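This is upload.cif. It holds mmCIF, C-alpha atoms.
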```
data_query
#
loop_
_atom_site.label_atom_id
_atom_site.label_comp_id
_atom_site.auth_asym_id
_atom_site.auth_seq_id
_atom_site.Cartn_x
_atom_site.Cartn_y
_atom_site.Cartn_z
CA MET A 1 2.66 16.32 5.71
CA ALA A 2 -0.94 17.39 5.22
CA ALA A 3 -3.76 14.86 5.29
CA PRO A 4 -3.53 12.70 2.16
CA ARG A 5 -5.73 13.49 -0.81
CA ARG A 6 -5.29 10.00 -2.26
CA VAL A 7 -3.98 6.77 -0.74
CA CYS A 8 -2.72 3.76 -2.66
CA VAL A 9 -3.94 0.45 -1.24
CA PHE A 10 -2.03 -2.75 -1.98
CA CYS A 11 -4.15 -5.89 -1.51
CA GLY A 12 -4.96 -9.25 -3.02
CA SER A 13 -6.58 -10.46 -6.21
CA SER A 14 -7.77 -13.32 -3.97
CA MET A 15 -9.96 -13.13 -0.87
CA GLY A 16 -7.84 -15.22 1.51
CA PHE A 17 -9.39 -17.79 3.83
CA ASP A 18 -10.21 -15.52 6.77
CA PRO A 19 -13.42 -13.49 6.21
CA ARG A 20 -11.84 -10.64 8.21
CA TYR A 21 -9.65 -9.83 5.18
CA ALA A 22 -12.66 -8.93 3.03
CA ASP A 23 -14.33 -7.23 6.00
CA GLU A 24 -11.29 -5.00 6.52
CA ALA A 25 -11.02 -4.22 2.80
CA ARG A 26 -14.70 -3.18 2.83
CA ALA A 27 -14.19 -1.07 5.96
CA LEU A 28 -11.11 0.61 4.48
CA GLY A 29 -12.88 1.54 1.24
CA THR A 30 -15.73 3.04 3.24
CA LEU A 31 -13.33 4.84 5.59
CA LEU A 32 -11.37 6.44 2.75
CA ALA A 33 -14.54 7.69 1.08
CA SER A 34 -15.94 9.02 4.37
CA ARG A 35 -12.77 11.08 4.85
CA GLY A 36 -12.80 12.37 1.28
CA ILE A 37 -9.61 10.45 0.48
CA GLY A 38 -9.40 8.97 -3.01
CA LEU A 39 -8.45 5.32 -3.42
CA VAL A 40 -5.71 4.32 -5.84
CA TYR A 41 -5.32 0.58 -6.36
CA GLY A 42 -4.53 -2.13 -8.90
CA GLY A 43 -7.73 -1.78 -10.94
CA ALA A 44 -9.20 -5.28 -10.58
CA SER A 45 -12.75 -6.29 -9.71
CA VAL A 46 -11.74 -9.55 -8.01
CA GLY A 47 -10.41 -10.45 -4.55
CA THR A 48 -9.96 -7.87 -1.83
CA MET A 49 -9.01 -5.46 -4.62
CA GLY A 50 -12.59 -5.55 -5.85
CA VAL A 51 -13.99 -5.37 -2.32
CA VAL A 52 -12.08 -2.21 -1.34
CA ALA A 53 -12.97 -0.51 -4.64
CA ASP A 54 -16.66 -1.44 -4.47
CA ALA A 55 -16.91 -0.20 -0.88
CA ALA A 56 -15.28 3.14 -1.70
CA LEU A 57 -17.53 3.59 -4.73
CA ALA A 58 -20.66 2.66 -2.74
CA ALA A 59 -19.73 5.32 -0.18
CA GLY A 60 -19.35 7.97 -2.91
CA GLY A 61 -15.55 7.95 -3.05
CA GLU A 62 -13.12 8.53 -5.88
CA VAL A 63 -11.53 5.27 -7.06
CA ILE A 64 -8.64 5.19 -9.52
CA GLY A 65 -7.45 1.86 -10.85
CA VAL A 66 -4.17 1.12 -12.62
CA ILE A 67 -3.91 -2.19 -14.44
CA PRO A 68 -1.44 -3.58 -16.98
CA GLU A 69 -2.81 -4.59 -20.38
CA ALA A 70 -1.88 -8.24 -19.81
CA LEU A 71 -3.84 -8.41 -16.55
CA GLY A 72 -6.93 -6.60 -17.77
CA SER A 73 -8.70 -9.84 -18.58
CA VAL A 74 -6.94 -12.10 -16.03
CA GLU A 75 -7.70 -9.89 -13.02
CA ILE A 76 -10.91 -8.71 -14.65
CA ALA A 77 -10.49 -4.94 -14.85
CA HIS A 78 -13.13 -3.10 -12.83
CA ALA A 79 -15.60 -1.43 -15.19
CA GLY A 80 -17.18 1.04 -12.75
CA LEU A 81 -14.27 3.13 -11.50
CA THR A 82 -13.89 6.89 -11.45
CA GLU A 83 -10.79 6.38 -13.63
CA LEU A 84 -9.05 3.29 -14.98
CA HIS A 85 -5.52 3.64 -16.33
CA VAL A 86 -4.39 0.76 -18.55
CA VAL A 87 -0.59 0.66 -18.68
CA ALA A 88 1.96 -1.47 -20.51
CA ASP A 89 3.39 -3.49 -17.64
CA MET A 90 3.79 -4.00 -13.88
CA HIS A 91 6.62 -1.46 -13.65
CA GLN A 92 4.42 1.26 -15.12
CA ARG A 93 1.55 0.17 -12.86
CA LYS A 94 3.58 0.68 -9.68
CA ALA A 95 5.06 3.97 -10.88
CA LYS A 96 1.63 5.32 -11.85
CA MET A 97 0.02 4.25 -8.56
CA ALA A 98 2.85 5.89 -6.61
CA ALA A 99 2.65 9.10 -8.62
CA LEU A 100 -1.10 9.38 -8.01
CA SER A 101 -0.85 8.77 -4.24
CA ASP A 102 0.11 10.68 -1.11
CA GLY A 103 0.64 7.54 0.99
CA PHE A 104 0.41 3.75 0.93
CA LEU A 105 -1.54 1.15 2.89
CA ALA A 106 -1.10 -2.61 2.58
CA LEU A 107 -3.94 -4.94 3.45
CA PRO A 108 -3.17 -8.66 3.71
CA GLY A 109 -2.23 -10.09 0.35
CA GLY A 110 0.15 -12.39 -1.48
CA ALA A 111 3.46 -12.05 -3.29
CA GLY A 112 2.21 -9.21 -5.51
CA THR A 113 1.08 -7.19 -2.50
CA LEU A 114 4.44 -7.71 -0.82
CA GLU A 115 6.32 -6.86 -4.00
CA GLU A 116 4.45 -3.55 -4.29
CA LEU A 117 4.98 -2.83 -0.60
CA PHE A 118 8.69 -3.60 -0.72
CA GLU A 119 9.21 -1.43 -3.79
CA VAL A 120 7.64 1.70 -2.24
CA TRP A 121 9.51 0.97 1.02
CA THR A 122 12.79 0.75 -0.90
CA TRP A 123 11.99 3.94 -2.79
CA ALA A 124 11.39 5.68 0.55
CA GLN A 125 14.75 4.47 1.88
CA LEU A 126 16.46 5.86 -1.22
CA GLY A 127 14.70 9.21 -0.82
CA LEU A 128 12.71 8.81 -4.04
CA HIS A 129 9.56 9.75 -2.14
CA GLU A 130 8.67 10.96 1.36
CA LYS A 131 5.23 9.38 1.61
CA PRO A 132 4.01 7.35 4.62
CA ILE A 133 3.57 3.58 4.46
CA GLY A 134 1.19 1.66 6.69
CA LEU A 135 0.37 -2.01 7.21
CA VAL A 136 -3.21 -2.84 8.14
CA ASP A 137 -2.49 -5.78 10.44
CA VAL A 138 -5.67 -7.86 10.24
CA GLY A 139 -5.47 -10.66 12.80
CA GLY A 140 -1.69 -10.35 13.13
CA TYR A 141 -1.14 -11.01 9.41
CA TYR A 142 1.96 -8.80 9.21
CA ALA A 143 3.55 -9.88 12.52
CA PRO A 144 5.91 -12.40 10.81
CA LEU A 145 7.01 -9.76 8.31
CA LEU A 146 7.79 -7.27 11.07
CA LYS A 147 9.68 -9.93 12.98
CA PHE A 148 11.77 -10.50 9.88
CA ALA A 149 12.32 -6.74 9.45
CA ASP A 150 13.56 -6.63 13.06
CA HIS A 151 15.88 -9.54 12.17
CA MET A 152 17.25 -7.51 9.23
CA VAL A 153 17.99 -4.69 11.69
CA SER A 154 19.69 -7.00 14.19
CA GLU A 155 21.81 -8.52 11.41
CA GLY A 156 22.92 -5.10 10.12
CA PHE A 157 21.11 -5.11 6.77
CA LEU A 158 18.51 -2.48 7.66
CA SER A 159 18.73 0.55 9.91
CA ALA A 160 16.13 0.92 12.65
CA GLY A 161 15.05 4.22 11.10
CA TYR A 162 14.18 2.50 7.85
CA ARG A 163 12.37 -0.28 9.71
CA ASP A 164 10.32 2.44 11.41
CA MET A 165 9.18 3.77 8.02
CA LEU A 166 6.56 1.01 8.20
CA SER A 167 3.68 1.96 10.49
CA ILE A 168 1.50 -0.90 11.64
CA ASP A 169 -1.89 -1.06 13.30
CA SER A 170 -4.97 -3.24 13.12
CA ASP A 171 -7.06 -0.06 12.76
CA ALA A 172 -6.70 1.70 9.41
CA SER A 173 -8.07 4.94 10.86
CA VAL A 174 -5.11 5.07 13.27
CA LEU A 175 -2.72 4.66 10.35
CA LEU A 176 -4.46 7.39 8.34
CA ASP A 177 -4.38 9.74 11.34
CA GLY A 178 -0.64 9.12 11.60
CA PHE A 179 -0.07 9.93 7.93
CA ALA A 180 -0.65 13.64 8.63
CA ASP A 181 2.21 13.60 11.17
CA TYR A 182 4.63 11.45 9.16
CA VAL A 183 8.19 12.71 9.03
CA PRO A 184 10.63 10.70 6.89
CA PRO A 185 14.10 9.91 8.21
CA PRO A 186 16.42 12.91 7.88
CA ARG A 187 18.67 11.45 5.19
CA PRO A 188 18.01 9.00 2.38
CA LYS A 189 20.14 5.87 2.17
CA TRP A 190 23.63 6.51 0.83
CA ALA A 191 23.42 10.27 1.56
CA LYS A 192 26.70 11.72 2.85
#
```
As structure tokens - that is how I would like this structure written.
Amino acid sequence: MAAPRRVCVFCGSSMGFDPRYADEARALGTLLASRGIGLVYGGASVGTMGVVADAALAAGGEVIGVIPEALGSVEIAHAGLTELHVVADMHQRKAKMAALSDGFLALPGGAGTLEELFEVWTWAQLGLHEKPIGLVDVGGYYAPLLKFADHMVSEGFLSAGYRDMLSIDSDASVLLDGFADYVPPPRPKWAK
């Protein structure tokens, strides 16, 4: 795969308790802009979502938000983006973000972040896309999730190849560097 033109970032509408979460969101927004990589995200101005968007914009980057109508006022849609797509629902939000992106990064976040992450991971297993997926592991945030993924492998519910679709590093630049070399598993799930 070539270097990504746009990367979708999944992150929180809250800030979390550890200030490193906002710091990493700010650093990631700046990093994407400095590399000329557009940011695609959930379109909100609050939480680490707002932090990553504001940082990318401040560094001169392209920022595309996708927000459902019902969340426009709840998550406070960001008014200063390069583009803001308002869609009907969460399903359309995820599909639109995926269509606009060449890869995915997950910062620490809550259930919504995990739901978005798990959907693109599942789509990759099914061969619906061949885009890289990375976890920005701030302070070991994703270590319990990876331990559980290893448990799924050991219990026979997930192949090791599909577990390895998730790249993890505390340094987002390492993950982005790896995106250019990403090779999906040779066969999608259920292929004969």
Apply the PyMOL selection byres ((chain A and resi 68) around 7) to the displayed file and report the matching residues as a list in words.
Val66, Ile67, Glu69, Ala70, Leu71, Gly72, Val86, Val87, Ala88, Asp89, Met90 and Arg93 of chain A
Identify all residues satisfying the PyMOL selection byres ((chain A and resi 36) around 9) in the given file; provide them as a ChimeraX atom specification.
/A:5-6,31-35,37-38,60-62
Evaluate the PyMOL selection byres ((chain A and resi 96) around 10) and report residues as JSON, numbers by chain:
{"A": [40, 65, 66, 67, 85, 87, 90, 91, 92, 93, 94, 95, 97, 98, 99, 100, 101]}
So that I can check the surroundings of Ala2 (chain A), please list as a VMD selection string every protein, DNA and RNA residue that reaches within 12 Å of it, counting all atoms listed in the file and ignoring chain neighbours fewer than 4 positions away.
chain A and resid 6 102 to 103 131 to 132 176 to 183
How far is it from CA of Met165 (chain A) to CA of Pro186 (chain A), in Å with one decimal?
11.7 Å
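Distances here use all atoms listed in the file; by that measure, the residue among A:Cys8, A:Leu57, A:Leu166, A:Gly16 closest to Gly29 (chain A) is A:Leu57.
Here CA of Val136 (chain A) and CA of Asp169 (chain A) stand 5.6 Å from one another.
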Polymer residues at most 10 Å from Asp18 (chain A), all atoms listed in the file, same-chain spacing of 4 or more positions, as number ranges by chain
A: 22-23, 138-139
Calculated over all atoms listed in the file, which of the candidates A:Gly12, A:Pro185, A:Pro4, A:Gly112 has the smallest distance to Ala124 (chain A)?
A:Pro185
